[in-house]
Every structure is written in structure tokens, then in C-alpha cells.
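Undergrad: One structure, as C-alpha cells, below. Some questions next.
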Amino acid sequence: MLARRLRSKFPALSRRWQTTASTTAIEPPPAGGHSSSVASSQLFRITRESALRTPGISWQDEESDRNIIGGRETRKMNLYQAVRDALSIALSKDDTAVIFGEDIAFGGVFRCTMGLAEEFGRERVFNTPLTEQGIAGFGIGLASMGHTAIAEIQFADYIFPAFDQLVNEAAKFRYRSGGHFSIGGLTVRTPTMAVGHGGLYHSQSPEGFFMGASGLKVVIPRSPIQCKGLLLSAIRDPNPVIFMEPKILYRSAVEQVPIDDFSLPLSRAEILIPGSDLTLLTWGTPVYHCESALRLLNSPPPSLAPLIPPSLRNAKVELIDLRTILPWDVETVVESVRRTKRLVIVHEAGMTGGVGGEIAAEVGKRAFLRLEAPVRRITGWDVPAGLQFEKFNMPDAVRILDGIMETLSY
């Protein structure tokens, strides 16, 4: 009754209600939004055959000449299970290997070391006091005596107390001894990146702080297969490695993973989707946001279709996962940019002082005359991670899509 009286008294208001109602009827918003979830990614290797054909895979067991398809098995794993599998292989094949960190003997906060203390003994898998500087220093000492030291910093946000040990000691250990001593047996694992509700002390991406630490390697995997292969490579690499695991992928990223011992190459980027019009470079969790952005570009939903010019929808975008952040694969990235003539870099860390700035500078030096648009960086904002609405701090699919369109249209 009240609604009828208002409509008769205010016809403009009536027309506005009708417009709103008709618009809603045309396209009700989908319950899950237009962006796909990590679990639905087409980048995962969900079959045994595709897992065994992972590019760059190198078998490390005694039967490395076995037929790649006929003689090997895989198992469905999420990312934290892949971490646990890699650690188990390292402990079983290397009697000098030890794993330590806060709550490690109990399985760790993300359950990556579940059961390892019971399987290999508490002399090899043990807890430490709550001291990141002490954990790193202890690992340096163990590695200098010939052990394989696998340390865990419980969250990457807490790695800063260990910064002096990692940058001033671990990175320079071989150099200051003139090559006579090494701590290549040191690997520091740590969960990184946003989880959606971690706030300022559990959602940071500090990889950029280590870019000037010559002597260290920094690795960030995107999936279970990548995590297992890269972690085993990191553990066996003759240099100290910081291995950062995107924490939101611990359970959301699921693949078929080979159960045998294998490695994947460090300092080698991987081209996930070939293209010729633009290079889209990222690592870790944003790989899947970039994949979603490309899907929106090629097949936009009705709500976005008016905003995306038809001339851009057939653009061939080359998606690259950098994987190793330090030292990064300059050759693969520059070769791609020379072909596509455009570069967009995506990372969760803030723009100022981020890894993307170093990459942009190097690409500008090596491929300046081939560029047809400025290098674009799409990053987290230069603010602490929010205590709420954390999603708005991250480069999501829509922000990435916008950056791609602007670069293609330059």
C-alpha cells in the first residue's frame, strides 16, 4: 500500500525502481563472483601422465632410466603434503639432514612436518626456542660443519629478526672465506604471502628485502609438483636458499605428484601460457589471479563486456612463472619481452622496493628499443596488510585485467 502511494506521488522514483528491478533481472550477480578459485585452475597437473611430463623434471633415484610413464607412480597431494614428502625424501637419503624450527616436532602450524619426528627421531626433527635469529644462526653453524640444515621460520613476517644472520652471515660465508668454507647445506623454509585474514603480521611478502643479498637464493613455488621438485633442489643446492611457500596454497593447490625423488631447476622461469602480444610475469599465488584475468579478457562476463574492447579479447598473452626470485631468469624474461614488446609484472608485495622494480629496470636496459609500452607493475599497495578487507590490498584479477588492457592499448 505504502509503495503504491509513493509511486503515484513520485513517478520519477517509480521509474528508478523499475530500472533497478529490470537491471537485476537481466543479470543477477553470481554467488561466487566472476573470478574463478585457485582450485579450478587449468594450470594444475591433475593426471598421472601430465604430472610425469612436468617440464624440467629430473629424476634423482637409482632407476633414473626407467620409462617415464610406464614405471612411475603419482599421488594426489596438496602443497603442504608435497612439502612433507620432499622433507621425508631428504631425511631418508641424507643422514646428515636435520629439520628444526618452532613447533616442528609437533607437525608445525601448517602440518608440513607431521609424523617426521616419529619416523626419523627427535634428534633429527626437533623444536627450537622462539628466536628467529637463533634458528638462522644455528642453521648456519650446522651447515658450516657439513650438515644439511633445513630450518623453518614459522611465518615469513617473522624473518626480519633473522635478517642479520641471513644477509650478513649466510649470504657472505663462502665469499669471506675465499671459497674455503661453505654453508650450501642451509635451506630456510617459510610460509609467505596473504591468506585473506592474516593482518599485518601474517600476510606479508618480504622476498624483495633479499634482492641485494648476493650469495642467497630465493625461491617461491606455485603448486605441489613445483614445491616438491624445487624444495629438493633447494636442499641440495650448494648455496643457502630461502624457500618461501605461499600459505593460502597449502590446501587449495592440489595436483597429482610423482612419489619418486625428483628435482626441478632453480633460476629457471617457466612459460605457462605462450603468447605473442604481451608478457605477464608473476610468481606464487598471483599466478592464479593472472590466469583468471586472462580468462576475463578472452571471455568477459556480461557485466564486464562493455568495458573490454572486442579488439583486445583475442590478445595472446604469455604467462610466465618466475619461480626463482634471486637470482632470477633474466634470459627467459627478456627473450619473451623482445617477442611480445610489452611487459606487465604482478606481485603481492608493495610496489616501492619490490622485485618488480628490479625486473623492470633490467628489461628496460636490455629490451628498451623493442618495447611498445612502458613496463607496468601491478602490486599490493604501499601500506601494511589490513586487519580487515585484506583482499583489497592484493592485486586481484580485475586490477590485473585493467593493467593488461591499458598496456595493450598504449
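Going through the C-alpha cells in order, the chains are called A, B, and so on, while each chain numbers its residues from 1 and the ligands are numbered from 1 in the order shown.
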Per residue of segment 279-335 of chain A within 9 Å of segment 353-371 of chain A, record the nearest atom pair and its distance in Å to one decimal, counting only C-alpha atoms, with rows in chain order and ascending residue number, as a Markdown table.

TA:
| residue | atom | partner | partner_atom | distance |
| --- | --- | --- | --- | --- |
| A:Thr282 | CA | A:Gly356 | CA | 9.0 |
| A:Ile325 | CA | A:Val355 | CA | 7.8 |
| A:Trp328 | CA | A:Ile359 | CA | 8.7 |
| A:Val330 | CA | A:Glu362 | CA | 8.0 |
| A:Val333 | CA | A:Val363 | CA | 7.9 |
| A:Val334 | CA | A:Val363 | CA | 6.0 |
| A:Glu335 | CA | A:Ala367 | CA | 8.6 |

Undergrad: I need the residues from that last selection saved to file as a tab-separated table (two decimals), in the first residue's frame (with all heavy atoms), if you can.

TA:
chain	number	residue	atom	x	y	z
A	282	THR	N	54.84	-13.21	-13.14
A	282	THR	CA	54.44	-13.25	-11.74
A	282	THR	C	55.05	-14.47	-11.06
A	282	THR	O	55.85	-15.20	-11.66
A	282	THR	CB	52.90	-13.25	-11.63
A	282	THR	OG1	52.53	-13.10	-10.26
A	282	THR	CG2	52.32	-14.55	-12.18
A	325	ILE	N	63.29	-16.15	-7.44
A	325	ILE	CA	63.30	-14.69	-7.40
A	325	ILE	C	64.73	-14.15	-7.39
A	325	ILE	O	65.01	-13.09	-7.93
A	325	ILE	CB	62.55	-14.21	-6.13
A	325	ILE	CG1	61.19	-14.92	-6.00
A	325	ILE	CG2	62.38	-12.70	-6.14
A	325	ILE	CD1	60.30	-14.79	-7.20
A	328	TRP	N	67.17	-14.30	-10.59
A	328	TRP	CA	66.04	-14.58	-11.47
A	328	TRP	C	66.50	-14.83	-12.90
A	328	TRP	O	67.61	-14.47	-13.29
A	328	TRP	CB	65.02	-13.45	-11.40
A	328	TRP	CG	65.51	-12.08	-11.79
A	328	TRP	CD1	66.26	-11.24	-11.03
A	328	TRP	CD2	65.25	-11.38	-13.01
A	328	TRP	NE1	66.50	-10.06	-11.71
A	328	TRP	CE2	65.89	-10.12	-12.92
A	328	TRP	CE3	64.53	-11.69	-14.17
A	328	TRP	CZ2	65.84	-9.17	-13.95
A	328	TRP	CZ3	64.48	-10.75	-15.20
A	328	TRP	CH2	65.12	-9.51	-15.08
A	330	VAL	N	66.87	-13.96	-16.13
A	330	VAL	CA	66.86	-12.77	-16.99
A	330	VAL	C	66.63	-13.17	-18.45
A	330	VAL	O	65.86	-12.53	-19.18
A	330	VAL	CB	68.19	-11.99	-16.85
A	330	VAL	CG1	68.19	-10.78	-17.76
A	330	VAL	CG2	68.41	-11.58	-15.41
A	333	VAL	N	62.92	-14.08	-19.46
A	333	VAL	CA	62.02	-12.92	-19.40
A	333	VAL	C	62.32	-11.95	-20.53
A	333	VAL	O	61.42	-11.48	-21.24
A	333	VAL	CB	62.14	-12.23	-18.03
A	333	VAL	CG1	61.30	-10.94	-18.00
A	333	VAL	CG2	61.69	-13.17	-16.91
A	334	VAL	N	63.60	-11.63	-20.73
A	334	VAL	CA	63.96	-10.66	-21.77
A	334	VAL	C	63.62	-11.20	-23.16
A	334	VAL	O	63.12	-10.46	-24.03
A	334	VAL	CB	65.45	-10.29	-21.66
A	334	VAL	CG1	65.89	-9.46	-22.86
A	334	VAL	CG2	65.71	-9.53	-20.37
A	335	GLU	N	63.88	-12.47	-23.39
A	335	GLU	CA	63.55	-13.06	-24.70
A	335	GLU	C	62.05	-12.96	-24.96
A	335	GLU	O	61.62	-12.66	-26.09
A	335	GLU	CB	64.01	-14.52	-24.73
A	335	GLU	CG	63.88	-15.18	-26.09
A	335	GLU	CD	62.49	-15.73	-26.36
A	335	GLU	OE1	61.77	-16.08	-25.39
A	335	GLU	OE2	62.10	-15.77	-27.55

Undergrad: Neighbours of Cys112 of chain A within 7 Å (only C-alpha atoms; same-chain residues fewer than 6 positions away dropped), as a list in words?

TA: Tyr80, Gln81, Val83 and Arg84 of chain A

Undergrad: Generate the output file for the selected residues, C-alpha atoms, as an mmCIF file, in the first residue's frame.

TA:
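Result went into out-v5.cif, see below:
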data_model
loop_
_atom_site.group_PDB
_atom_site.id
_atom_site.type_symbol
_atom_site.label_atom_id
_atom_site.label_comp_id
_atom_site.auth_asym_id
_atom_site.auth_seq_id
_atom_site.Cartn_x
_atom_site.Cartn_y
_atom_site.Cartn_z
ATOM 1 C CA TYR A 80 51.737 -28.947 2.375
ATOM 2 C CA GLN A 81 51.705 -32.694 1.699
ATOM 3 C CA VAL A 83 56.447 -30.241 1.322
ATOM 4 C CA ARG A 84 56.221 -33.129 3.781
#

Undergrad: Identify, on the basis of only C-alpha atoms, every residue whose closest approach to Leu266 of chain A does not exceed 8 Å; exclude the query and any residue fewer than 5 positions from it along the same chain; express the result as a list of chain:residue names.

TA: A:Val219, A:Leu230, A:Ser233, A:Ala234, A:Arg323, A:Thr324

Undergrad: Hey, can you spit out that residue selection with all heavy atoms as a PDB file, in the first residue's frame?

TA:
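File produced: out-v3.pdb:
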ATOM      1  N   VAL A 219      63.360 -18.693  -3.535  1.00  0.00           N
ATOM      2  CA  VAL A 219      62.501 -19.500  -4.397  1.00  0.00           C
ATOM      3  C   VAL A 219      61.075 -19.447  -3.874  1.00  0.00           C
ATOM      4  O   VAL A 219      60.850 -19.535  -2.665  1.00  0.00           O
ATOM      5  CB  VAL A 219      62.993 -20.968  -4.448  1.00  0.00           C
ATOM      6  CG1 VAL A 219      62.104 -21.809  -5.360  1.00  0.00           C
ATOM      7  CG2 VAL A 219      64.452 -21.038  -4.900  1.00  0.00           C
ATOM      8  N   LEU A 230      61.230 -28.170  -6.508  1.00  0.00           N
ATOM      9  CA  LEU A 230      62.085 -27.020  -6.201  1.00  0.00           C
ATOM     10  C   LEU A 230      62.657 -27.109  -4.783  1.00  0.00           C
ATOM     11  O   LEU A 230      63.796 -26.685  -4.551  1.00  0.00           O
ATOM     12  CB  LEU A 230      61.287 -25.727  -6.376  1.00  0.00           C
ATOM     13  CG  LEU A 230      60.896 -25.371  -7.814  1.00  0.00           C
ATOM     14  CD1 LEU A 230      59.938 -24.186  -7.830  1.00  0.00           C
ATOM     15  CD2 LEU A 230      62.131 -25.067  -8.665  1.00  0.00           C
ATOM     16  N   SER A 233      65.552 -29.454  -4.842  1.00  0.00           N
ATOM     17  CA  SER A 233      66.675 -28.766  -5.481  1.00  0.00           C
ATOM     18  C   SER A 233      67.308 -27.761  -4.535  1.00  0.00           C
ATOM     19  O   SER A 233      68.539 -27.630  -4.480  1.00  0.00           O
ATOM     20  CB  SER A 233      66.201 -28.052  -6.755  1.00  0.00           C
ATOM     21  OG  SER A 233      65.816 -28.974  -7.748  1.00  0.00           O
ATOM     22  N   ALA A 234      66.481 -27.043  -3.791  1.00  0.00           N
ATOM     23  CA  ALA A 234      66.989 -26.056  -2.844  1.00  0.00           C
ATOM     24  C   ALA A 234      67.817 -26.709  -1.748  1.00  0.00           C
ATOM     25  O   ALA A 234      68.892 -26.217  -1.365  1.00  0.00           O
ATOM     26  CB  ALA A 234      65.826 -25.268  -2.241  1.00  0.00           C
ATOM     27  N   ARG A 323      59.350 -18.290 -10.515  1.00  0.00           N
ATOM     28  CA  ARG A 323      59.767 -19.375  -9.611  1.00  0.00           C
ATOM     29  C   ARG A 323      60.950 -19.002  -8.727  1.00  0.00           C
ATOM     30  O   ARG A 323      60.818 -18.946  -7.498  1.00  0.00           O
ATOM     31  CB  ARG A 323      60.066 -20.671 -10.386  1.00  0.00           C
ATOM     32  CG  ARG A 323      58.873 -21.189 -11.155  1.00  0.00           C
ATOM     33  CD  ARG A 323      59.050 -22.634 -11.592  1.00  0.00           C
ATOM     34  NE  ARG A 323      60.106 -22.803 -12.583  1.00  0.00           N
ATOM     35  CZ  ARG A 323      60.348 -23.928 -13.213  1.00  0.00           C
ATOM     36  NH1 ARG A 323      59.631 -25.008 -12.954  1.00  0.00           N
ATOM     37  NH2 ARG A 323      61.300 -24.008 -14.122  1.00  0.00           N
ATOM     38  N   THR A 324      62.118 -18.753  -9.301  1.00  0.00           N
ATOM     39  CA  THR A 324      63.269 -18.310  -8.513  1.00  0.00           C
ATOM     40  C   THR A 324      63.363 -16.793  -8.603  1.00  0.00           C
ATOM     41  O   THR A 324      63.514 -16.235  -9.687  1.00  0.00           O
ATOM     42  CB  THR A 324      64.569 -18.955  -9.009  1.00  0.00           C
ATOM     43  OG1 THR A 324      64.462 -20.383  -8.895  1.00  0.00           O
ATOM     44  CG2 THR A 324      65.750 -18.490  -8.157  1.00  0.00           C
TER      45      THR A 324
END

Undergrad: Restricting the calculation to only C-alpha atoms: of A:Leu281, A:Leu232, A:Leu297, A:Ala253, which residue gets closest to Ser40 of chain A?

TA: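 Selected residue with least distance to Ser40 of chain A: A:Ala253.
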
Undergrad: For the atom pair atom CA of Gly386 of chain A and atom CA of Gly198 of chain A, what is the interatomic distance in Å to one decimal place?

TA: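 According to the coordinates, atom CA of Gly386 of chain A and atom CA of Gly198 of chain A are separated by 8.4 Å.
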
Undergrad: List the neighbours of Val346 of chain A out to 10 Å using only C-alpha atoms; skip same-chain residues closer than 5 positions along the sequence, and give me the result as a PyMOL selection string.

TA: chain A and resi 280-283+286-287+289-290+351+355-356+376-380+394-396+399-400+403

Undergrad: Do you know which residues are at most 12 Å from Glu406 of chain A counting only C-alpha atoms, after dropping those on the same chain fewer than 3 positions away, and could you put them as JSON, numbers by chain?

TA: {"A": [278, 307, 308, 309, 312, 342, 343, 344, 373, 374, 375, 376, 377, 378, 399, 400, 401, 402, 403, 409, 410]}
